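Engineer: Okay, handing you the structure first.
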Number of protein chains: 4
Amino acid sequence: MGCIGDEEALREAALLSLPGVESVTPVLKPYKLAAREFTPQPTVVKAGDTPGAAVGGVALVVAAGPCAVEDQAMMLETARAVRGAGATLLRGGAFKPRTSPYAFQGLGEVGLQLLREAGTETGLPVVTEVMDTRQVELVAEYADVLQVGARNMSNFALLAELGRVDRPVLLKRGLSATLRELLMAAEYVMAQGNHQVILCERGIRTFETSARNTLDVSAIPILHRETHLPVMVDPSHAAGRSDLVAPLAWAAVAAGADGLLVEVHPCPQQALSDGEQSLTPGAFGELMQSLRPFALAAGRVLAAPEDDERNSARGVS
Amino acid sequence: MGCIGDEEALREAALLSLPGVESVTPVLKPYKLAAREFTPQPTVVKAGDTPGAAVGGVALVVAAGPCAVEDQAMMLETARAVRGAGATLLRGGAFKPRTSPYAFQGLGEVGLQLLREAGTETGLPVVTEVMDTRQVELVAEYADVLQVGARNMSNFALLAELGRVDRPVLLKRGLSATLRELLMAAEYVMAQGNHQVILCERGIRTFETSARNTLDVSAIPILHRETHLPVMVDPSHAAGRSDLVAPLAWAAVAAGADGLLVEVHPCPQQALSDGEQSLTPGAFGELMQSLRPFALAAGRVLAAPEDDERNSARGVS
Amino acid sequence: MGCIGDEEALREAALLSLPGVESVTPVLKPYKLAAREFTPQPTVVKAGDTPGAAVGGVALVVAAGPCAVEDQAMMLETARAVRGAGATLLRGGAFKPRTSPYAFQGLGEVGLQLLREAGTETGLPVVTEVMDTRQVELVAEYADVLQVGARNMSNFALLAELGRVDRPVLLKRGLSATLRELLMAAEYVMAQGNHQVILCERGIRTFETSARNTLDVSAIPILHRETHLPVMVDPSHAAGRSDLVAPLAWAAVAAGADGLLVEVHPCPQQALSDGEQSLTPGAFGELMQSLRPFALAAGRVLAAPEDDERNSARGVS
Amino acid sequence: MGCIGDEEALREAALLSLPGVESVTPVLKPYKLAAREFTPQPTVVKAGDTPGAAVGGVALVVAAGPCAVEDQAMMLETARAVRGAGATLLRGGAFKPRTSPYAFQGLGEVGLQLLREAGTETGLPVVTEVMDTRQVELVAEYADVLQVGARNMSNFALLAELGRVDRPVLLKRGLSATLRELLMAAEYVMAQGNHQVILCERGIRTFETSARNTLDVSAIPILHRETHLPVMVDPSHAAGRSDLVAPLAWAAVAAGADGLLVEVHPCPQQALSDGEQSLTPGAFGELMQSLRPFALAAGRVLAAPEDDERNSARGVS
């Protein structure tokens, strides 16, 4: 019998005195719903209704789009471009967590509408960030996947609220969060009933300054050993500069990532946020081409919307 | 003329062509309301109505109490003990951000009531954490100071909400937040109109594991140079072990801290959270005695509720 | 005209007043001999006389062997095994930098002899660490490549001494060294005349504890942009646990590494040092097989001793 | 019975079968000579023959002087100034570990002579860095205390060599060294017979960039608990900017430091190295005055050359 809950409470319970109980063994991993030891098969999270959006199977899923939704034209142009290059999920921010209160904070609900429109037009499920417990319901109306940003990974009120909606959650690792803390954050969502969680490595904060953050590529195999949840990687935010996005994406796929999150903007120099790390549609197309042999070497195929045969669950690695 | 807002917008404005404009100089510091260059005099934040609760003047303010409010008896006992030893603010958590969803999460509104009662009984203003935008109004009804925990320092929705209430905010530095990011978080609160912000250094995450976090003592003089806002230090959370609380408190006062946040529990071994770093009331009394000569060496006196003469604003250091 | 040396000295020189001088432009990169801007073509370092030991060309070079040379039998057994699996360089430590003075410090000159013997027997050039300026001459008699360990990356006396020998140097990145500091360390060697330097990423020290160090995979493309020197990766020391060696090796190759350094021990459980991260000969053989498709995806082939055609210099990436 | 040495060797020894042996208990601390559990009384290291140079007693010792010895005039001027202000040790570098091979590397033996002269003239024992095993004998002829720089803390060959000379060693913590590693480095020196080791905290490398390094003030009380060796602090290198030196020095003394290492230069703007963190003689005089009340609050007095009464060994804190 496995038993979930506050282990403090168990100290007082006389479990050993119950009939039929021989021994009480504490589960060492503090994350129980997320732990691979209790759920050995990898979880495939359906990030939308399309077959290409299932994360955690054989198919490598690429979510692409602009950092922020800026207007209808750029959103549609980007959506068509990334769809054409092979992305099967569309990303874009309507509520933006910016370091400065004076920087562009996103278009809010209008941004959600434009994102949804672009997704419907191109047949791509959409991923977008939610930053406030009060927005969860609204964002869930428009989005297929709700993203928790790195800065909110330990916003436990938000995590618990997301545990009560019927939408997959893309949970980004905090800038100085240990992998254990990331798994505990996933456990917060799961403990409320929502088991559809995708983890996302996006670089950690170290002393090195030549990239914006340090992509912790070892997080990928470690998470695969510790949890059944799928693991995506965001090379754009880790790098903070567009020239590193491709090599970090290759490395992530080689190390076993189940998917990638890539920032694409039709005109990075004019982006309202994160332009320096965004790929042009052309560069994104080249990245998608270059990913194929690495995906194959890793025993994967690139996800494709039109082909649901390839995306069946794979065995435990 | 100083001008606040998104600097992107200014790029398009033809400021130089306006009559009477000779030059446009960007303010280099991205935090403007928080910056010392615009407000040279130190801000004294009134953390409650009592004279001993003014943070940022000559008097060194000590806020003490349990990590979590557990029940009425322990709360009252602790409040009396810390008041007797010289604390002028009472702290205690009703909503607790715990790494595990299965750990004790605090008593919620009942905890707020018990904290308020203990504060009223002892004449101490109370500080408590708020974790969710939806709780801000409720917590503001009970508390004199609203605390933002380290894990929520970049929860920008929460910061903005706190910018709209009439309560001082105690803003803890995130575990891997730079001082610039801490100041930008303060700016988020201030940009909404609430200028009563107290910053709090509570240790950062490094490779060293012999203390729970590494107290960044240099943050104190650096923040004093960069901002007019008062700076408190939480040696308990930085240390993570009670035997380091006193030396870290001495160091913080020596480096110029305006106040301290200290965890005190009548029986640390039985604490529902953070027992290993809590001082007993006896040890807290000794700490308060030992602080006096360091406060004097730093040009300070210990705040006292009964004496409002000593707590006048001091000059720029 | 490029000019090398202490830039302080130039402040006093009246360069601008010399006939024919129009302007004096400081070279921004403080590493000049190592900088790609002055030497755009990649340097191929001949780590021994065999064609398979040229690092920095199209061929991916794998150096393998035990952490420490323990005795003749294990050294020969390991050398034959790694040669059989496809390694083209043999590694093994005779002088070991151990955290504890009471731990096994290596066999010293006897270890060098055993390593040399095993290298000669198998036709593999040998790499070994040198820790002391007084040992440089001795180690250079036995070894084809002299390794500087991470803990000695800023041992400038040792670096300068290595700049005066006619042997390639394998320079490991320090545990908290920035990439700029690594390049400056290479510059120390090169400034003395020895331009045969191979850089090696082996993990950096961060807050994360689930792997021994955090492999900084972004260091590979950044170094390739900054310098013409080849870059190897040591997944064994980064991981500190054998189950992560393969995924980190794949990621390193995908990100563009010119070679790998892998610890192999016939019986890891009995190793006198670093057993927990050593691969068995069998596991190493599997790793070599699994590397091939990643090498191909990265535009590489695995180096082979018998085939020098494949190992010609490749173009600038 | 305590037993020192490689614990591996003991695994094979049948200690339990010896007559009179009841149990074999491994000493948990890997540093045995340095551990407080075996030597409870604090060690007072005589850093020269003068009474004011004893480090680890009641008296707080301040070593001051320039980063690098530049010429006779500046060396003498600085020595007289720091002696006048109350320093009891003179510091100055003759061999400088510089990040760039093109930066000023120190005057070498001439620098040692100038430092010795200035020390003799002012009656101050001298501290200087040694970087190479081959220099140990030479430096020991001139210096009273041999310093190991942060970058050489894990240069085990150098540490062992210093274990064989009859001179106190000032051992600086590496930029990313844990306290356990610092103590193991001390053990390397002590294991060779030289037990006169002074530890020195000088800031660690973290993500924060507003000071050059992050002074780990908690290292002081932790080291005092773990070891009997005295602990000095170098606020100059931690800060990297002169305006932070005083507050960091105060914090260090408050936290229990046995001494300070402070950079002083007659004209910081013209210093050949580290000018930005050097104090002028005037600022150093003010620092010494401001230290007195903090020293008293910490149960200390400032060391003075003329008064050896005050510098008797103090009890275990």
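So you can find residues: chains in the structure tokens are A, B, ... in the order shown, residues in each start at 1, and ligands are numbered from 1 in order.
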Identify every residue of chain D that has at least one atom within 8 Å of any atom of chain C, counting only C-alpha atoms, and report the result as number ranges by chain.

Structural biologist: D: 5-8, 30-31, 97-104, 131-134, 151-152, 154-158, 175-176, 181, 184-185, 187-188, 191, 205

Engineer: So which residues touch Ala271 of chain D within 10 Å, counting only C-alpha atoms, skipping near sequence neighbours fewer than 6 positions away, as a ChimeraX atom specification?

Structural biologist: /D:66-70,264-265,278

Engineer: Could you name the residues that touch segment 35-44 of chain A at 7 Å or less, counting only C-alpha atoms, but leaving out those on the same chain fewer than 5 positions away, as a PyMOL selection string?

Structural biologist: chain A and resi 54-57+225-230+313+316

Engineer: Set the distance at 10 Å and use only C-alpha atoms: which residues neighbour Ala249 of chain A once local chain neighbours fewer than 3 positions away are removed? I'd like the list as a ChimeraX atom specification.

Structural biologist: /A:233-236,244-246,252-255,257,259-262,287-288,290-291,294 /C:251,254-255

Engineer: Residues of segment 20-99 of chain A in strand (DSSP E) according to DSSP, as a list in words?

Structural biologist: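 The strand (DSSP E) subset of segment 20-99 of chain A is Val45, Lys46, Ala54, Val55, Ala59, Leu60, Val61, Val62, Ala63, Ala64, Gly65, Leu89, Leu90 and Arg91 of chain A.
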
Engineer: What does the file look like for those residues with all heavy atoms, as an mmCIF file, in the first residue's frame?

Structural biologist:
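Contents of the output file result_31.cif:
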data_model
loop_
_atom_site.group_PDB
_atom_site.id
_atom_site.type_symbol
_atom_site.label_atom_id
_atom_site.label_comp_id
_atom_site.auth_asym_id
_atom_site.auth_seq_id
_atom_site.Cartn_x
_atom_site.Cartn_y
_atom_site.Cartn_z
ATOM 1 N N VAL A 45 1.901 13.193 -22.423
ATOM 2 C CA VAL A 45 0.953 14.275 -22.169
ATOM 3 C C VAL A 45 0.405 14.788 -23.494
ATOM 4 O O VAL A 45 1.171 15.173 -24.380
ATOM 5 C CB VAL A 45 1.637 15.429 -21.400
ATOM 6 C CG1 VAL A 45 0.676 16.613 -21.243
ATOM 7 C CG2 VAL A 45 2.115 14.951 -20.037
ATOM 8 N N LYS A 46 -0.916 14.784 -23.618
ATOM 9 C CA LYS A 46 -1.542 15.260 -24.855
ATOM 10 C C LYS A 46 -1.698 16.774 -24.773
ATOM 11 O O LYS A 46 -2.647 17.270 -24.164
ATOM 12 C CB LYS A 46 -2.900 14.591 -25.060
ATOM 13 C CG LYS A 46 -2.799 13.116 -25.402
ATOM 14 C CD LYS A 46 -4.152 12.549 -25.810
ATOM 15 C CE LYS A 46 -4.090 11.027 -25.921
ATOM 16 N NZ LYS A 46 -3.080 10.520 -26.867
ATOM 17 N N ALA A 54 1.515 15.208 -28.846
ATOM 18 C CA ALA A 54 1.663 14.326 -27.693
ATOM 19 C C ALA A 54 3.125 14.327 -27.261
ATOM 20 O O ALA A 54 3.998 13.935 -28.036
ATOM 21 C CB ALA A 54 1.207 12.920 -28.049
ATOM 22 N N VAL A 55 3.386 14.758 -26.030
ATOM 23 C CA VAL A 55 4.761 14.916 -25.551
ATOM 24 C C VAL A 55 5.125 13.761 -24.616
ATOM 25 O O VAL A 55 4.412 13.496 -23.650
ATOM 26 C CB VAL A 55 4.932 16.245 -24.785
ATOM 27 C CG1 VAL A 55 6.382 16.453 -24.386
ATOM 28 C CG2 VAL A 55 4.422 17.413 -25.621
ATOM 29 N N ALA A 59 7.879 10.506 -30.619
ATOM 30 C CA ALA A 59 8.050 11.716 -31.431
ATOM 31 C C ALA A 59 8.586 12.878 -30.605
ATOM 32 O O ALA A 59 8.148 13.110 -29.479
ATOM 33 C CB ALA A 59 6.722 12.103 -32.053
ATOM 34 N N LEU A 60 9.549 13.557 -31.179
ATOM 35 C CA LEU A 60 10.107 14.762 -30.581
ATOM 36 C C LEU A 60 9.224 15.940 -30.983
ATOM 37 O O LEU A 60 9.028 16.198 -32.175
ATOM 38 C CB LEU A 60 11.524 14.965 -31.123
ATOM 39 C CG LEU A 60 12.276 16.168 -30.592
ATOM 40 C CD1 LEU A 60 12.838 15.850 -29.212
ATOM 41 C CD2 LEU A 60 13.386 16.552 -31.549
ATOM 42 N N VAL A 61 8.735 16.658 -29.998
ATOM 43 C CA VAL A 61 7.774 17.736 -30.258
ATOM 44 C C VAL A 61 8.469 19.088 -30.166
ATOM 45 O O VAL A 61 9.186 19.349 -29.206
ATOM 46 C CB VAL A 61 6.636 17.664 -29.219
ATOM 47 C CG1 VAL A 61 5.723 18.868 -29.332
ATOM 48 C CG2 VAL A 61 5.868 16.362 -29.373
ATOM 49 N N VAL A 62 8.247 19.926 -31.155
ATOM 50 C CA VAL A 62 8.820 21.265 -31.113
ATOM 51 C C VAL A 62 7.701 22.300 -31.022
ATOM 52 O O VAL A 62 6.815 22.352 -31.876
ATOM 53 C CB VAL A 62 9.698 21.552 -32.348
ATOM 54 C CG1 VAL A 62 10.260 22.977 -32.280
ATOM 55 C CG2 VAL A 62 10.850 20.542 -32.417
ATOM 56 N N ALA A 63 7.753 23.084 -29.940
ATOM 57 C CA ALA A 63 6.822 24.208 -29.780
ATOM 58 C C ALA A 63 7.584 25.465 -30.162
ATOM 59 O O ALA A 63 8.685 25.699 -29.674
ATOM 60 C CB ALA A 63 6.356 24.298 -28.326
ATOM 61 N N ALA A 64 6.994 26.271 -31.041
ATOM 62 C CA ALA A 64 7.716 27.455 -31.501
ATOM 63 C C ALA A 64 6.767 28.635 -31.614
ATOM 64 O O ALA A 64 5.543 28.470 -31.681
ATOM 65 C CB ALA A 64 8.382 27.174 -32.847
ATOM 66 N N GLY A 65 7.359 29.805 -31.597
ATOM 67 C CA GLY A 65 6.558 31.029 -31.704
ATOM 68 C C GLY A 65 7.268 32.180 -31.028
ATOM 69 O O GLY A 65 8.372 32.016 -30.511
ATOM 70 N N LEU A 89 3.413 22.593 -32.095
ATOM 71 C CA LEU A 89 2.779 23.403 -31.045
ATOM 72 C C LEU A 89 3.163 24.851 -31.289
ATOM 73 O O LEU A 89 4.274 25.137 -31.729
ATOM 74 C CB LEU A 89 3.281 22.994 -29.654
ATOM 75 C CG LEU A 89 2.646 21.789 -28.962
ATOM 76 C CD1 LEU A 89 3.491 21.411 -27.744
ATOM 77 C CD2 LEU A 89 1.215 22.112 -28.549
ATOM 78 N N LEU A 90 2.235 25.754 -30.948
ATOM 79 C CA LEU A 90 2.484 27.183 -31.124
ATOM 80 C C LEU A 90 2.612 27.838 -29.752
ATOM 81 O O LEU A 90 1.759 27.644 -28.896
ATOM 82 C CB LEU A 90 1.313 27.806 -31.893
ATOM 83 C CG LEU A 90 1.406 29.309 -32.198
ATOM 84 C CD1 LEU A 90 2.583 29.616 -33.119
ATOM 85 C CD2 LEU A 90 0.087 29.777 -32.827
ATOM 86 N N ARG A 91 3.685 28.580 -29.558
ATOM 87 C CA ARG A 91 3.833 29.269 -28.283
ATOM 88 C C ARG A 91 3.768 30.790 -28.502
ATOM 89 O O ARG A 91 4.063 31.282 -29.599
ATOM 90 C CB ARG A 91 5.145 28.903 -27.589
ATOM 91 C CG ARG A 91 6.394 29.112 -28.427
ATOM 92 C CD ARG A 91 7.576 29.421 -27.538
ATOM 93 N NE ARG A 91 7.353 30.708 -26.907
ATOM 94 C CZ ARG A 91 7.941 31.126 -25.800
ATOM 95 N NH1 ARG A 91 8.804 30.371 -25.190
ATOM 96 N NH2 ARG A 91 7.687 32.319 -25.307
#

Engineer: Residues of segment 67-306 of chain C classed as helix (DSSP H, G or I) by DSSP on the backbone are to be reported as a ChimeraX atom specification.

Structural biologist: /C:72-85,109-122,133-142,150-152,156-162,179-191,219-226,235-239,242-254,268-270,275-277,281-297

Engineer: Identify, on the basis of only C-alpha atoms, every residue whose closest approach to Arg241 of chain C does not exceed 12 Å; exclude the query and any residue fewer than 2 positions from it along the same chain; express the result as a list of chain:residue names.

Structural biologist: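 So the residues in contact are A:Ser218, A:Pro221, A:Ile222, C:Thr209, C:Ser210, C:Ala211, C:Arg212, C:Asn213, C:Pro235, C:Ser236, C:His237, C:Ala238, C:Ala239, C:Asp243, C:Leu244, C:Val245, C:Ala246, C:Pro247, C:Leu248, C:Val262, C:Glu263, C:Pro268, C:Asp274, C:Gly275, C:Glu276, C:Gln277, C:Ser278, C:Leu279.
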
Engineer: To one decimal in Å, tell me the separation between atom CA of Glu161 of chain C and atom CA of Tyr142 of chain C.

Structural biologist: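 According to the coordinates, atom CA of Glu161 of chain C and atom CA of Tyr142 of chain C are separated by 16.7 Å.
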
Engineer: For Thr122 of chain A, list every protein, DNA or RNA residue within 7 Å, evaluated using only C-alpha atoms, and leave out those in the same chain fewer than 5 positions away; present the list as an MDAnalysis selection string.

Structural biologist: chainID A and resid 79:80 83

Engineer: What does the structure give for the distance between atom CA of Glu208 of chain A and atom CA of Ile220 of chain B, in Å to one decimal?

Structural biologist: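 So the answer is 23.9 Å.
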
Engineer: Near Pro125 of chain C, counting only C-alpha atoms, which residues have an atom at most 9 Å away, once you skip same-chain residues fewer than 2 positions from it, shown as a list in words?

Structural biologist: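 Near Pro125 of chain C, the qualifying residues are Ala47, Gly48, Asp49, Thr50, Ala53, Thr88, Leu89, Leu90, Arg91, Arg116, Gly119, Thr120, Thr122, Gly123, Val127, Ala143, Asp144 and Val145 of chain C.
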
Engineer: Suppose we keep N, CA and C atoms; can you now write the selection as a CSV table (one decimal), in the first residue's frame?

Structural biologist:
chain,number,residue,atom,x,y,z
C,47,ALA,N,48.0,15.0,-31.0
C,47,ALA,CA,48.2,14.4,-29.7
C,47,ALA,C,49.0,13.1,-29.8
C,48,GLY,N,50.2,13.1,-30.4
C,48,GLY,CA,50.9,11.9,-30.6
C,48,GLY,C,51.1,11.7,-32.1
C,49,ASP,N,51.8,10.7,-32.5
C,49,ASP,CA,52.2,10.5,-33.9
C,49,ASP,C,51.2,9.7,-34.7
C,50,THR,N,50.2,9.1,-34.1
C,50,THR,CA,49.3,8.3,-34.8
C,50,THR,C,48.2,9.2,-35.5
C,53,ALA,N,45.1,10.4,-33.6
C,53,ALA,CA,45.2,11.2,-32.4
C,53,ALA,C,45.2,12.7,-32.7
C,88,THR,N,41.4,6.3,-29.4
C,88,THR,CA,42.7,6.5,-30.1
C,88,THR,C,43.7,7.2,-29.2
C,89,LEU,N,43.3,7.4,-28.0
C,89,LEU,CA,44.2,8.0,-27.0
C,89,LEU,C,44.0,7.2,-25.7
C,90,LEU,N,45.1,7.0,-24.9
C,90,LEU,CA,45.0,6.3,-23.7
C,90,LEU,C,45.2,7.3,-22.5
C,91,ARG,N,44.3,7.3,-21.6
C,91,ARG,CA,44.5,8.2,-20.4
C,91,ARG,C,44.8,7.4,-19.2
C,116,ARG,N,53.1,4.3,-20.1
C,116,ARG,CA,53.9,4.3,-21.4
C,116,ARG,C,53.9,2.9,-22.0
C,119,GLY,N,50.7,2.1,-23.5
C,119,GLY,CA,50.5,2.9,-24.8
C,119,GLY,C,51.3,2.3,-25.9
C,120,THR,N,52.5,1.9,-25.6
C,120,THR,CA,53.4,1.4,-26.7
C,120,THR,C,52.8,0.0,-27.2
C,122,THR,N,49.8,-1.0,-27.2
C,122,THR,CA,48.6,-0.9,-28.0
C,122,THR,C,48.7,0.1,-29.1
C,123,GLY,N,49.8,0.8,-29.2
C,123,GLY,CA,49.9,1.8,-30.3
C,123,GLY,C,49.1,3.1,-30.0
C,127,VAL,N,48.0,10.3,-22.5
C,127,VAL,CA,47.7,11.5,-21.8
C,127,VAL,C,47.8,11.3,-20.4
C,143,ALA,N,55.0,11.0,-21.6
C,143,ALA,CA,53.6,11.2,-22.1
C,143,ALA,C,53.6,11.9,-23.4
C,144,ASP,N,52.6,11.7,-24.2
C,144,ASP,CA,52.4,12.4,-25.5
C,144,ASP,C,51.7,13.7,-25.3
C,145,VAL,N,50.8,13.7,-24.3
C,145,VAL,CA,50.0,14.9,-24.0
C,145,VAL,C,50.1,15.2,-22.5

Engineer: Out of B:Lys172, B:Trp250, B:Gly163, B:His195, which residue has the shortest atom-to-atom distance to Ala295 of chain D when counting only C-alpha atoms?

Structural biologist: B:Trp250
